[in-house]
Every structure is written in structure tokens, then in C-alpha cells.
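Asks: So I've got this file, run.txt, and it contains compact mmCIF, C-alpha atoms:
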```txt
# COMPACT_ATOMS: atom_id res chain seq x y z
CA MET A 1 -37.86 -59.79 -51.72
CA GLN A 2 -38.78 -63.21 -50.41
CA SER A 3 -41.45 -63.74 -53.05
CA LEU A 4 -38.99 -62.76 -55.74
CA ILE A 5 -36.50 -65.41 -54.74
CA ILE A 6 -39.27 -67.98 -54.51
CA ALA A 7 -40.42 -67.04 -57.97
CA ALA A 8 -36.92 -67.09 -59.41
CA SER A 9 -35.61 -70.34 -58.01
CA SER A 10 -37.06 -73.54 -56.80
CA SER A 11 -34.45 -74.55 -54.29
CA GLU A 12 -35.34 -74.25 -50.65
CA LYS A 13 -31.76 -73.76 -49.59
CA ILE A 14 -31.35 -70.63 -51.65
CA GLN A 15 -34.47 -69.33 -50.02
CA ASN A 16 -32.94 -69.88 -46.63
CA LEU A 17 -29.75 -68.16 -47.70
CA VAL A 18 -30.91 -64.60 -48.29
CA PRO A 19 -32.41 -64.09 -44.81
CA TRP A 20 -29.29 -65.66 -43.32
CA VAL A 21 -26.93 -63.27 -45.11
CA SER A 22 -29.06 -60.20 -44.51
CA ASP A 23 -29.53 -61.22 -40.90
CA HIS A 24 -25.79 -61.34 -40.34
CA VAL A 25 -24.84 -58.06 -42.00
CA SER A 26 -27.83 -55.85 -41.36
CA PRO A 27 -28.08 -53.66 -38.27
CA ASN A 28 -30.76 -56.01 -36.94
CA ALA A 29 -28.04 -58.53 -36.32
CA SER A 30 -26.62 -56.50 -33.50
CA THR A 31 -29.63 -56.90 -31.28
CA HIS A 32 -29.53 -60.62 -30.66
CA VAL A 33 -26.55 -62.87 -30.17
CA LYS A 34 -26.23 -66.56 -29.58
CA PRO A 35 -22.99 -67.19 -27.74
CA LEU A 36 -20.88 -69.87 -29.46
CA GLY A 37 -23.82 -70.94 -31.61
CA VAL A 38 -25.40 -72.91 -28.82
CA GLY A 39 -26.97 -71.59 -25.72
CA PRO A 40 -29.70 -69.11 -25.02
CA GLU A 41 -30.27 -66.25 -27.37
CA ILE A 42 -29.42 -63.00 -25.63
CA HIS A 43 -31.42 -59.98 -26.68
CA LEU A 44 -29.54 -56.72 -26.53
CA SER A 45 -30.82 -53.21 -26.87
CA PRO A 46 -30.68 -51.60 -30.33
CA TYR A 47 -28.60 -48.84 -28.79
CA PHE A 48 -25.91 -51.14 -27.38
CA GLY A 49 -25.71 -54.17 -29.62
CA THR A 50 -22.92 -56.57 -30.53
CA GLN A 51 -21.09 -53.88 -32.48
CA ALA A 52 -20.93 -51.65 -29.44
CA ILE A 53 -19.62 -54.55 -27.36
CA MET A 54 -16.90 -55.06 -29.98
CA MET A 55 -15.91 -51.41 -29.74
CA VAL A 56 -15.66 -51.60 -25.96
CA LEU A 57 -13.56 -54.78 -26.24
CA VAL A 58 -11.21 -53.17 -28.77
CA THR A 59 -10.76 -50.13 -26.56
CA ALA A 60 -10.09 -52.34 -23.55
CA ILE A 61 -7.47 -54.34 -25.48
CA ILE A 62 -5.75 -51.19 -26.75
CA LEU A 63 -5.72 -49.64 -23.29
CA PHE A 64 -4.32 -52.83 -21.83
CA LEU A 65 -1.61 -53.13 -24.47
CA TYR A 66 -0.51 -49.54 -24.34
CA GLY A 67 -1.32 -48.63 -20.78
CA VAL A 68 -0.19 -51.69 -18.91
CA LEU A 69 2.27 -53.57 -21.09
CA PHE A 70 3.87 -50.75 -23.01
CA LYS A 71 3.89 -47.81 -20.62
CA LYS A 72 5.06 -44.39 -21.61
CA GLY A 73 8.79 -43.98 -21.69
CA ILE A 74 9.53 -47.68 -21.52
CA VAL A 75 12.33 -49.03 -23.67
CA PRO A 76 10.99 -51.79 -25.94
CA ARG A 77 12.35 -55.10 -24.77
CA GLY A 78 10.99 -58.44 -25.81
CA LYS A 79 8.80 -59.55 -28.64
CA LEU A 80 5.48 -57.86 -27.98
CA THR A 81 6.73 -54.36 -27.27
CA ASN A 82 9.10 -54.46 -30.23
CA PHE A 83 6.24 -55.55 -32.44
CA LEU A 84 4.02 -52.73 -31.22
CA GLU A 85 6.86 -50.26 -31.58
CA VAL A 86 6.98 -50.94 -35.32
CA PHE A 87 3.40 -49.73 -35.70
CA VAL A 88 3.84 -46.74 -33.43
CA VAL A 89 7.00 -45.55 -35.19
CA TYR A 90 5.36 -46.09 -38.57
CA VAL A 91 2.34 -43.98 -37.63
CA ARG A 92 4.57 -41.28 -36.16
CA ASP A 93 6.96 -41.03 -39.09
CA GLU A 94 4.91 -41.83 -42.15
CA ILE A 95 1.50 -40.53 -41.17
CA SER A 96 1.90 -37.82 -38.58
CA ILE A 97 5.21 -36.06 -39.17
CA LYS A 98 5.03 -36.34 -42.95
CA ASN A 99 1.68 -34.55 -43.12
CA LEU A 100 1.85 -32.10 -40.25
CA GLY A 101 5.50 -31.12 -39.96
CA GLU A 102 7.92 -31.78 -37.15
CA GLU A 103 6.53 -30.22 -33.97
CA ASP A 104 2.85 -30.49 -34.85
CA GLY A 105 3.43 -34.04 -35.98
CA LYS A 106 4.93 -35.06 -32.66
CA LYS A 107 2.06 -33.41 -30.76
CA TRP A 108 -0.66 -35.00 -32.86
CA THR A 109 0.87 -38.49 -32.97
CA PRO A 110 -1.23 -39.91 -30.10
CA PHE A 111 -4.40 -38.84 -31.89
CA PHE A 112 -3.50 -40.66 -35.09
CA ILE A 113 -2.31 -43.68 -33.16
CA CYS A 114 -5.72 -43.82 -31.49
CA ILE A 115 -7.55 -43.62 -34.81
CA PHE A 116 -5.28 -46.17 -36.47
CA PHE A 117 -5.44 -48.76 -33.74
CA PHE A 118 -9.15 -48.33 -33.11
CA VAL A 119 -10.02 -48.85 -36.78
CA LEU A 120 -7.52 -51.70 -37.11
CA GLY A 121 -8.80 -53.41 -33.98
CA CYS A 122 -12.45 -53.12 -35.02
CA ASN A 123 -11.68 -54.40 -38.51
CA LEU A 124 -9.73 -57.40 -37.26
CA MET A 125 -12.17 -58.28 -34.48
CA GLY A 126 -14.90 -58.45 -37.09
CA LEU A 127 -13.02 -61.18 -38.89
CA ILE A 128 -13.06 -63.61 -35.97
CA PRO A 129 -15.97 -65.97 -36.70
CA GLY A 130 -19.03 -65.03 -34.73
CA ASN A 131 -18.04 -61.45 -34.01
CA ALA A 132 -19.69 -58.30 -35.29
CA THR A 133 -17.79 -55.64 -37.21
CA ALA A 134 -18.07 -52.32 -35.49
CA THR A 135 -16.74 -50.36 -38.45
CA GLY A 136 -19.28 -52.10 -40.69
CA SER A 137 -21.89 -49.75 -39.32
CA TYR A 138 -22.06 -46.31 -40.86
CA TYR A 139 -22.77 -44.73 -37.49
CA VAL A 140 -19.35 -45.73 -36.17
CA THR A 141 -17.44 -44.56 -39.24
CA ALA A 142 -19.52 -41.36 -39.32
CA SER A 143 -18.46 -40.69 -35.73
CA LEU A 144 -14.81 -41.11 -36.66
CA ALA A 145 -15.26 -38.86 -39.69
CA ILE A 146 -16.98 -36.26 -37.49
CA VAL A 147 -13.95 -36.35 -35.17
CA THR A 148 -11.72 -35.60 -38.17
CA PHE A 149 -14.11 -32.88 -39.33
CA LEU A 150 -14.00 -31.25 -35.90
CA CYS A 151 -10.22 -31.40 -35.89
CA MET A 152 -10.11 -29.78 -39.30
CA THR A 153 -12.52 -26.95 -38.50
CA VAL A 154 -12.42 -26.32 -34.75
CA GLY A 155 -8.75 -27.24 -34.56
CA THR A 156 -7.87 -24.69 -37.23
CA ILE A 157 -9.96 -22.05 -35.48
CA ILE A 158 -8.29 -22.72 -32.14
CA LYS A 159 -4.82 -22.73 -33.61
CA PHE A 160 -5.03 -19.91 -36.10
CA GLY A 161 -8.13 -17.89 -35.22
CA ILE A 162 -11.16 -17.17 -37.37
CA GLY A 163 -9.04 -15.24 -39.88
CA GLY A 164 -6.72 -18.19 -40.27
CA PHE A 165 -9.72 -20.47 -40.65
CA PHE A 166 -10.93 -18.52 -43.67
CA LYS A 167 -7.42 -18.28 -45.05
CA ALA A 168 -7.30 -22.06 -45.01
CA PHE A 169 -9.85 -22.14 -47.81
CA MET A 170 -7.91 -19.79 -50.02
CA PRO A 171 -4.94 -21.44 -51.67
CA ALA A 172 -1.94 -19.23 -52.16
CA GLY A 173 -1.24 -17.45 -55.43
CA VAL A 174 -4.78 -17.35 -56.76
CA PRO A 175 -6.24 -14.14 -58.29
CA GLY A 176 -9.11 -12.38 -56.56
CA TRP A 177 -12.05 -13.23 -58.72
CA VAL A 178 -11.25 -16.95 -58.78
CA LEU A 179 -11.17 -16.84 -54.98
CA VAL A 180 -14.86 -15.89 -54.87
CA LEU A 181 -15.70 -19.05 -56.79
CA LEU A 182 -13.16 -21.24 -55.07
CA THR A 183 -13.85 -20.59 -51.39
CA PRO A 184 -17.39 -22.09 -51.27
CA LEU A 185 -16.10 -25.06 -53.25
CA GLU A 186 -13.28 -25.56 -50.77
CA MET A 187 -15.72 -25.34 -47.88
CA LEU A 188 -17.92 -27.94 -49.54
CA GLY A 189 -14.78 -29.96 -50.13
CA VAL A 190 -14.23 -30.31 -46.39
CA LEU A 191 -17.66 -31.88 -45.99
CA VAL A 192 -17.21 -34.09 -49.03
CA LYS A 193 -13.79 -35.30 -47.90
CA CYS A 194 -15.08 -36.32 -44.49
CA SER A 195 -18.10 -38.06 -46.03
CA ALA A 196 -15.73 -39.90 -48.33
CA LEU A 197 -13.74 -41.07 -45.32
CA MET A 198 -16.92 -42.40 -43.74
CA ILE A 199 -18.28 -44.17 -46.84
CA ARG A 200 -14.92 -45.63 -47.84
CA LEU A 201 -14.34 -47.41 -44.53
CA PHE A 202 -17.98 -48.47 -44.08
CA ALA A 203 -18.46 -49.80 -47.62
CA ASN A 204 -15.13 -51.65 -47.65
CA MET A 205 -15.92 -53.47 -44.43
CA LEU A 206 -19.55 -54.20 -45.29
CA ALA A 207 -18.92 -55.33 -48.87
CA GLY A 208 -16.09 -57.61 -47.81
CA HIS A 209 -18.27 -59.35 -45.29
CA ILE A 210 -21.18 -59.72 -47.70
CA VAL A 211 -18.90 -61.31 -50.30
CA LEU A 212 -17.52 -63.69 -47.69
CA TYR A 213 -21.00 -64.69 -46.52
CA ALA A 214 -22.14 -65.16 -50.12
CA MET A 215 -19.20 -67.43 -50.90
CA ILE A 216 -19.83 -69.56 -47.83
CA GLY A 217 -23.52 -69.58 -48.64
CA LEU A 218 -22.75 -71.05 -52.05
CA MET A 219 -21.24 -74.04 -50.33
CA TYR A 220 -24.39 -74.44 -48.26
CA ALA A 221 -26.73 -74.09 -51.21
CA PHE A 222 -25.00 -76.34 -53.70
CA GLY A 223 -23.23 -78.96 -51.63
CA TRP A 224 -20.15 -80.78 -52.89
CA ILE A 225 -20.18 -79.23 -56.33
CA ALA A 226 -19.25 -75.91 -54.75
CA ALA A 227 -15.91 -77.19 -53.40
CA PRO A 228 -13.93 -74.44 -55.25
CA ALA A 229 -16.02 -71.95 -53.31
CA PHE A 230 -14.12 -73.08 -50.22
CA VAL A 231 -10.77 -72.13 -51.77
CA ILE A 232 -12.17 -68.83 -52.98
CA SER A 233 -13.61 -68.01 -49.57
CA VAL A 234 -10.24 -68.66 -47.90
CA GLY A 235 -8.72 -66.28 -50.45
CA VAL A 236 -11.38 -63.66 -49.77
CA TYR A 237 -10.78 -64.07 -46.03
CA ALA A 238 -7.05 -63.34 -46.48
CA LEU A 239 -7.95 -60.37 -48.68
CA GLU A 240 -10.24 -59.10 -45.93
CA VAL A 241 -7.36 -59.14 -43.43
CA PHE A 242 -5.24 -57.12 -45.87
CA VAL A 243 -8.10 -54.72 -46.58
CA GLY A 244 -8.58 -54.26 -42.82
CA PHE A 245 -4.96 -53.15 -42.39
CA LEU A 246 -5.08 -51.03 -45.53
CA GLN A 247 -8.28 -49.21 -44.60
CA ALA A 248 -7.01 -48.50 -41.09
CA TYR A 249 -3.78 -47.03 -42.50
CA LEU A 250 -5.72 -45.11 -45.12
CA PHE A 251 -8.18 -43.59 -42.67
CA ALA A 252 -5.37 -42.37 -40.44
CA PHE A 253 -3.29 -41.18 -43.40
CA LEU A 254 -6.12 -39.27 -45.08
CA SER A 255 -7.17 -37.70 -41.77
CA ALA A 256 -3.59 -36.55 -41.27
CA MET A 257 -3.39 -35.27 -44.85
CA PHE A 258 -6.62 -33.27 -44.58
CA ILE A 259 -5.72 -31.79 -41.18
CA GLY A 260 -2.19 -31.02 -42.41
CA GLU A 261 -3.58 -29.30 -45.51
CA MET A 262 -5.86 -27.10 -43.42
CA PHE A 263 -3.06 -26.15 -41.05
CA HIS A 264 -0.67 -25.55 -43.88
CA HIS A 265 -2.99 -23.30 -45.86
CA ALA A 266 -4.05 -21.47 -42.71
CA HIS A 267 -0.59 -20.08 -42.06
CA ALA A 268 0.64 -20.00 -45.62
CA HIS A 269 0.00 -16.27 -45.98
CA ASP A 270 2.04 -15.35 -42.92
CA HIS A 271 5.37 -16.50 -44.24
CA ASP A 272 4.82 -17.92 -47.64
CA HIS A 273 8.12 -16.69 -48.98
CA GLU A 274 10.12 -18.80 -46.58
CA HIS A 275 8.99 -22.19 -47.85
CA ALA A 276 10.20 -23.20 -51.25
CA HIS A 277 7.35 -25.18 -52.83
CA MET B 1 -55.37 -60.53 -80.38
CA PHE B 2 -54.84 -57.05 -79.00
CA ASN B 3 -56.35 -58.27 -75.79
CA VAL B 4 -53.57 -60.83 -75.41
CA LEU B 5 -50.95 -58.19 -76.25
CA ALA B 6 -52.36 -55.83 -73.66
CA GLN B 7 -52.33 -58.55 -71.05
CA ALA B 8 -48.75 -59.43 -71.96
CA ALA B 9 -47.75 -55.77 -71.67
CA ASP B 10 -49.45 -55.51 -68.30
CA LYS B 11 -47.69 -58.63 -67.06
CA ALA B 12 -44.34 -57.33 -68.34
CA ALA B 13 -44.90 -54.01 -66.60
CA GLU B 14 -45.80 -55.80 -63.38
CA VAL B 15 -42.71 -57.99 -63.46
CA THR B 16 -40.52 -55.02 -64.35
CA ALA B 17 -41.90 -53.03 -61.46
CA LEU B 18 -41.03 -55.99 -59.27
CA ILE B 19 -37.46 -56.44 -60.45
CA GLY B 20 -36.73 -53.06 -62.08
CA PRO B 21 -34.83 -51.48 -59.19
CA LYS B 22 -32.94 -54.70 -58.46
CA ALA B 23 -31.98 -55.27 -62.09
CA GLY B 24 -30.86 -51.65 -62.40
CA ALA B 25 -28.83 -51.93 -59.21
CA ALA B 26 -27.16 -55.15 -60.34
CA ILE B 27 -26.24 -53.72 -63.74
CA GLY B 28 -25.02 -50.53 -62.06
CA ALA B 29 -22.78 -52.49 -59.72
CA GLY B 30 -21.26 -54.27 -62.69
CA ILE B 31 -20.53 -50.99 -64.45
CA VAL B 32 -18.95 -49.65 -61.24
CA ALA B 33 -16.68 -52.69 -61.20
CA ILE B 34 -15.61 -51.97 -64.78
CA GLY B 35 -14.77 -48.38 -63.86
CA ALA B 36 -12.76 -49.35 -60.80
CA GLY B 37 -10.89 -52.07 -62.69
CA LEU B 38 -9.92 -49.69 -65.51
CA GLY B 39 -8.78 -46.97 -63.15
CA ILE B 40 -6.73 -49.12 -60.82
CA GLY B 41 -5.32 -51.12 -63.75
CA LYS B 42 -3.96 -47.95 -65.30
CA LEU B 43 -2.55 -46.89 -61.94
CA ALA B 44 -0.84 -50.22 -61.39
CA ALA B 45 0.62 -50.17 -64.92
CA SER B 46 2.27 -46.78 -64.48
CA ALA B 47 3.44 -47.71 -60.97
CA MET B 48 5.13 -50.86 -62.27
CA GLU B 49 6.74 -48.89 -65.05
CA GLY B 50 8.02 -46.31 -62.59
CA ILE B 51 9.52 -48.97 -60.36
CA ALA B 52 11.10 -50.66 -63.37
CA ARG B 53 12.71 -47.45 -64.50
CA GLN B 54 14.05 -46.50 -61.08
CA PRO B 55 14.16 -49.32 -58.55
CA GLU B 56 15.53 -47.07 -55.79
CA ALA B 57 12.26 -45.11 -55.71
CA GLY B 58 10.34 -48.35 -55.20
CA GLY B 59 9.27 -47.59 -51.63
CA GLU B 60 7.90 -44.13 -52.40
CA ILE B 61 6.07 -45.34 -55.49
CA LYS B 62 4.53 -48.20 -53.53
CA GLY B 63 3.26 -45.82 -50.85
CA GLY B 64 1.74 -43.43 -53.35
CA MET B 65 0.22 -46.27 -55.33
CA LEU B 66 -1.51 -47.67 -52.26
CA VAL B 67 -3.04 -44.32 -51.34
CA ALA B 68 -4.23 -43.65 -54.90
CA ALA B 69 -5.65 -47.16 -55.23
CA ALA B 70 -7.63 -46.75 -52.04
CA LEU B 71 -8.98 -43.39 -53.20
CA ILE B 72 -10.15 -44.86 -56.51
CA GLU B 73 -11.63 -47.78 -54.61
CA GLY B 74 -13.49 -45.26 -52.44
CA VAL B 75 -15.13 -43.75 -55.52
CA SER B 76 -16.19 -47.16 -56.77
CA LEU B 77 -17.67 -47.90 -53.37
CA PHE B 78 -19.77 -44.73 -53.57
CA GLY B 79 -21.32 -46.34 -56.64
CA VAL B 80 -21.92 -49.57 -54.74
CA VAL B 81 -23.60 -47.66 -51.92
CA VAL B 82 -25.88 -45.95 -54.45
CA CYS B 83 -26.80 -49.37 -55.88
CA LEU B 84 -27.58 -50.63 -52.42
CA LEU B 85 -29.76 -47.58 -51.81
CA ALA B 86 -31.61 -48.31 -55.05
CA ILE B 87 -32.59 -51.67 -53.65
CA VAL B 88 -33.47 -50.58 -50.15
CA LEU B 89 -35.23 -47.29 -50.82
```
Step by step, read the file and then write its structure as C-alpha cells.
Replies:
Amino acid sequence: MQSLIIAASSSEKIQNLVPWVSDHVSPNASTHVKPLGVGPEIHLSPYFGTQAIMMVLVTAIILFLYGVLFKKGIVPRGKLTNFLEVFVVYVRDEISIKNLGEEDGKKWTPFFICIFFFVLGCNLMGLIPGNATATGSYYVTASLAIVTFLCMTVGTIIKFGIGGFFKAFMPAGVPGWVLVLLTPLEMLGVLVKCSALMIRLFANMLAGHIVLYAMIGLMYAFGWIAAPAFVISVGVYALEVFVGFLQAYLFAFLSAMFIGEMFHHAHAHDHDHEHAH
Amino acid sequence: MFNVLAQAADKAAEVTALIGPKAGAAIGAGIVAIGAGLGIGKLAASAMEGIARQPEAGGEIKGGMLVAAALIEGVSLFGVVVCLLAIVL
């Protein structure tokens, strides 16, 4: 790749750019960190790099906010707890209760709050200059998608038994012979939906950061002529904040929707004449 | 003369082998962008029309539009991931 760029362009700065961008977004970047740009270069293990440190920091911040400041059963008073209450009530009403029903929704709300705030925290921490994005690594998003997959499969088995688990793949009101074709497709659909969750979050975070680095790199490579690139990169930065919120909401919402669908289909045959759909 | 042509063909094949995957990936990413733009544009058009017809349903339409837009975006990002794999692998 290096020889290609050398062959294609003659500018030395563009040659310096590609290793810089790939160094910041590739998984190699997580093994060495230079605090504040100056100072000694710390070498971390590939198994616990900068992204893992970000995840630990996000978890610590969430635990502090919700364990210390906003304890269970406390009435929101003051700016911070009222601000956090908006998010919590939104996740409970729009994501959890809407997809899982009343009692299940209230029981599963802490789970979706955890997912939402973890993804949101990781996305936003990655936007602070110098930090790594934990959700920009497909291992992290795959772990979250595996958690959703386990909730969908093992959770349905625990709640409704093995019979209910197989009923979850058979939508109501479908003739027998179509069911033979449909059930393997539905089973594959569970895997595909969870993989989609993983790739959506990972690719959104990674692509956003690559675009941002490329825009800033244009300013480095071309100097003063690339002054509009500064305006565009500020715009892309704001877009990245919005995309961070949106992808966090979407991950939690789609997890709730998939789990709610499984639960709903799993007990649909017991009393399917009571609901009016 | 055929000697020169053969050498030119060899050189073209060599350069193509060098940039073939990258050029294919770049063109593929552009086509993915066209697909995503068309899909989300259509979605936004019908969402705007729905809100214009019935402003009270604005909140519900906005929520549904956001979810559908993110799903379409997810599909377009599958294409981007495939283009990235074409470069790396």
C-alpha cells in the first residue's frame, strides 16, 4: 500500500498521512499510547489496550453516576439527577415497555438501561480528542450482540421452556407446509439480526472516525488551501455526536424489539384469541 | 510491434493486479452510497408528507423514521464492510 501511494502522488505529506490514519483507527493503535501527546510512550498489552481502558472508565462513570449520585428510590432533585431521569424514563417507556409489555418491560428496564448507557458512554468517550473508541472495535460490539443473542435464545428457553422456544419461530396463523420452510429461516434470522446489530454499531463508529481523520488530514496535507476542510470537519464532528446518541438508542431499541418479538411469539399460541392484533 | 503490445498488456495486467481490489472497493463504496441515498431519500420524503398531512402524528412518524433510517444505514454499512474486506483480504 505504501508503494502505491508513492507511485500515485509525489507529495511527502500525503505519504505520511495514510500510516497516521491507519495507525489511529486500526486495532494496533490500542497497544501504545502517548499521554497528552508528550511524554513517554506507554506500551500496553494487545489484550488490554486503550479501548479496554475506555470501557473500564465508562463503566466506572456509569456506576458512579447511578450508584452514588442517583441511588435507587431517590427523588430527583437538582440539575444532574433530573437530567439523568429524562434518559432513564425515556428508556423505560419508549424502549422497554413498548416492546416487552408492562410487567416484563419494568423487569427488563435495568438491562436496557445498561446497554444504552454503556454504548452511549463508549461512543461519546471516543469523541474526546486523544481517546480510543471502544465500540469501534468489532470484538466489543460482537460481545454486546452476543449478550442480546443469549437473551433471545436462553431467555426464551428459561421463560417459556423448550416448547415455547420452538413456538417462537413459528408465527401464528401460518399453514403447516409453510412452517417447514419458515422455521429454519426464522432461526437463521436470529443469527442475522444479531450480526446486523454488531456490524451496524461497529461500522458507524469506525467509518465516522475515519472520515473525521481524513478531513483533518486534508488540512495537514494541503495547508491553507484546505481551510473549508476545517468547517467540514467541525460539521462531521457534530454529526458524530448525533450518530453516537442515535446508535446507542438504536442498539437498545432493536435489542428490545428482537427480545420482545421472541417473547411475544413464544406465548402467542397459549392465548392468541385474547389479543386483538 | 506485437512485442510492444504484449509488453503493454503485461504492464497493464501488473498495474491492475496492484490496484484492482482497491479500485473495485472504491467503486463499490460509491455504489453503496447511491443505494443508501436513494433509500433514505424516499423514506424521508414519505415521512415529511405524512407529517404534513397529519401534524398531530408528528412524534410517532419521527420515531419510526429514525428507526427505519438506521436500519437502511445498517445495510449500506454492510456494503462498506465488504469493501473494506476487499482491500484487507
Asks: Identify every residue of chain B that has at least one atom within 9 Å of any atom of chain A, counting all atoms listed in the file, and report the result as a list of chain:residue names.
Replies: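 Within 9 Å of chain A on chain B, we get B:Leu18, B:Ile19, B:Leu66, B:Val67, B:Ala70, B:Leu71, B:Glu73, B:Gly74, B:Val75, B:Leu77, B:Phe78, B:Val80, B:Val81.
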Asks: Return the single residue from A:Cys122, A:Leu127, A:Ile115, A:Val58 that is closest to Tyr213 of chain A, with distances computed using all atoms listed in the file.
Replies: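 For Tyr213 of chain A, the nearest of the given residues is A:Leu127.
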Asks: One decimal, Å: what's the distance from atom CA of Gly41 of chain B over to atom CA of Ser76 of chain B, could you say?
Replies: 13.5 Å
Asks: At a cut-off of 9 Å, using all atoms listed in the file, what residues contact His265 of chain A? Leave out same-chain residues fewer than 4 positions from it and give the result as a VMD selection string.
Replies: chain A and resid 164 to 165 167 to 172 260 to 261 269
Asks: What separation in Å, quoted to one decimal, exists between atom CA of Met262 of chain A and atom CA of Thr153 of chain A?
Replies: 8.3 Å
Asks: Within 10 Å of Phe117 of chain A, counting all atoms listed in the file, which residues show up once you throw out same-chain ones fewer than 2 positions away? Write them as a PDB file with C-alpha atoms, in the frame of the given file, please.
Replies:
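As written to disk, result-v8.pdb reads:
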```
ATOM      1  CA  VAL A  58     -11.210 -53.170 -28.770  1.00  0.00           C
ATOM      2  CA  THR A  59     -10.760 -50.130 -26.560  1.00  0.00           C
ATOM      3  CA  ILE A  62      -5.750 -51.190 -26.750  1.00  0.00           C
ATOM      4  CA  PHE A  87       3.400 -49.730 -35.700  1.00  0.00           C
ATOM      5  CA  VAL A  88       3.840 -46.740 -33.430  1.00  0.00           C
ATOM      6  CA  VAL A  91       2.340 -43.980 -37.630  1.00  0.00           C
ATOM      7  CA  PHE A 112      -3.500 -40.660 -35.090  1.00  0.00           C
ATOM      8  CA  ILE A 113      -2.310 -43.680 -33.160  1.00  0.00           C
ATOM      9  CA  CYS A 114      -5.720 -43.820 -31.490  1.00  0.00           C
ATOM     10  CA  ILE A 115      -7.550 -43.620 -34.810  1.00  0.00           C
ATOM     11  CA  VAL A 119     -10.020 -48.850 -36.780  1.00  0.00           C
ATOM     12  CA  LEU A 120      -7.520 -51.700 -37.110  1.00  0.00           C
ATOM     13  CA  GLY A 121      -8.800 -53.410 -33.980  1.00  0.00           C
ATOM     14  CA  CYS A 122     -12.450 -53.120 -35.020  1.00  0.00           C
ATOM     15  CA  ASN A 123     -11.680 -54.400 -38.510  1.00  0.00           C
ATOM     16  CA  PHE A 245      -4.960 -53.150 -42.390  1.00  0.00           C
ATOM     17  CA  ALA A 248      -7.010 -48.500 -41.090  1.00  0.00           C
ATOM     18  CA  TYR A 249      -3.780 -47.030 -42.500  1.00  0.00           C
ATOM     19  CA  ALA A 252      -5.370 -42.370 -40.440  1.00  0.00           C
TER      20      ALA A 252
END
```
Asks: Separation of atom CA of Trp108 of chain A and atom CA of Gly163 of chain A, in Å?
Replies: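 Between atom CA of Trp108 of chain A and atom CA of Gly163 of chain A the gap works out to 22.6 Å.
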Asks: Check the smallest atom-to-atom distance from each of A:Thr156, A:Ser255, A:Ser195, A:Thr135 to Met55 of chain A using all atoms listed in the file, then report the winner.
Replies: A:Thr135
Asks: Please complete segment 52-71 of chain B with N, CA and C atoms and give it back as an mmCIF file, in the frame of the given file.
Replies:
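Produced file rebuild.cif, reproduced below:
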```cif
data_model
loop_
_atom_site.group_PDB
_atom_site.id
_atom_site.type_symbol
_atom_site.label_atom_id
_atom_site.label_comp_id
_atom_site.auth_asym_id
_atom_site.auth_seq_id
_atom_site.Cartn_x
_atom_site.Cartn_y
_atom_site.Cartn_z
ATOM 1 N N ALA B 52 10.141 -50.016 -62.474
ATOM 2 C CA ALA B 52 11.100 -50.660 -63.370
ATOM 3 C C ALA B 52 12.158 -49.677 -63.837
ATOM 4 N N ARG B 53 11.732 -48.425 -64.047
ATOM 5 C CA ARG B 53 12.710 -47.450 -64.500
ATOM 6 C C ARG B 53 13.689 -47.072 -63.410
ATOM 7 N N GLN B 54 13.198 -47.014 -62.151
ATOM 8 C CA GLN B 54 14.050 -46.500 -61.080
ATOM 9 C C GLN B 54 13.806 -47.314 -59.812
ATOM 10 N N PRO B 55 14.472 -48.434 -59.672
ATOM 11 C CA PRO B 55 14.160 -49.320 -58.550
ATOM 12 C C PRO B 55 14.416 -48.708 -57.176
ATOM 13 N N GLU B 56 15.267 -47.651 -57.107
ATOM 14 C CA GLU B 56 15.530 -47.070 -55.790
ATOM 15 C C GLU B 56 14.304 -46.355 -55.253
ATOM 16 N N ALA B 57 13.461 -45.828 -56.154
ATOM 17 C CA ALA B 57 12.260 -45.110 -55.710
ATOM 18 C C ALA B 57 11.104 -46.052 -55.435
ATOM 19 N N GLY B 58 11.413 -47.366 -55.332
ATOM 20 C CA GLY B 58 10.340 -48.350 -55.200
ATOM 21 C C GLY B 58 9.461 -48.125 -54.001
ATOM 22 N N GLY B 59 10.067 -47.766 -52.848
ATOM 23 C CA GLY B 59 9.270 -47.590 -51.630
ATOM 24 C C GLY B 59 8.290 -46.443 -51.749
ATOM 25 N N GLU B 60 8.769 -45.302 -52.281
ATOM 26 C CA GLU B 60 7.900 -44.130 -52.400
ATOM 27 C C GLU B 60 6.755 -44.410 -53.358
ATOM 28 N N ILE B 61 7.113 -45.075 -54.493
ATOM 29 C CA ILE B 61 6.070 -45.340 -55.490
ATOM 30 C C ILE B 61 5.018 -46.279 -54.905
ATOM 31 N N LYS B 62 5.494 -47.266 -54.112
ATOM 32 C CA LYS B 62 4.530 -48.200 -53.530
ATOM 33 C C LYS B 62 3.568 -47.483 -52.589
ATOM 34 N N GLY B 63 4.127 -46.539 -51.789
ATOM 35 C CA GLY B 63 3.260 -45.820 -50.850
ATOM 36 C C GLY B 63 2.219 -44.998 -51.571
ATOM 37 N N GLY B 64 2.671 -44.243 -52.597
ATOM 38 C CA GLY B 64 1.740 -43.430 -53.350
ATOM 39 C C GLY B 64 0.706 -44.252 -54.080
ATOM 40 N N MET B 65 1.157 -45.413 -54.589
ATOM 41 C CA MET B 65 0.220 -46.270 -55.330
ATOM 42 C C MET B 65 -0.880 -46.780 -54.422
ATOM 43 N N LEU B 66 -0.499 -47.141 -53.182
ATOM 44 C CA LEU B 66 -1.510 -47.670 -52.260
ATOM 45 C C LEU B 66 -2.554 -46.624 -51.930
ATOM 46 N N VAL B 67 -2.090 -45.367 -51.689
ATOM 47 C CA VAL B 67 -3.040 -44.320 -51.340
ATOM 48 C C VAL B 67 -3.974 -44.049 -52.526
ATOM 49 N N ALA B 68 -3.392 -43.949 -53.743
ATOM 50 C CA ALA B 68 -4.230 -43.650 -54.900
ATOM 51 C C ALA B 68 -5.207 -44.786 -55.180
ATOM 52 N N ALA B 69 -4.745 -46.036 -55.007
ATOM 53 C CA ALA B 69 -5.650 -47.160 -55.230
ATOM 54 C C ALA B 69 -6.814 -47.129 -54.261
ATOM 55 N N ALA B 70 -6.537 -46.780 -53.003
ATOM 56 C CA ALA B 70 -7.630 -46.750 -52.040
ATOM 57 C C ALA B 70 -8.592 -45.613 -52.336
ATOM 58 N N LEU B 71 -8.073 -44.477 -52.863
ATOM 59 C CA LEU B 71 -8.980 -43.390 -53.200
ATOM 60 C C LEU B 71 -9.890 -43.775 -54.357
#
```
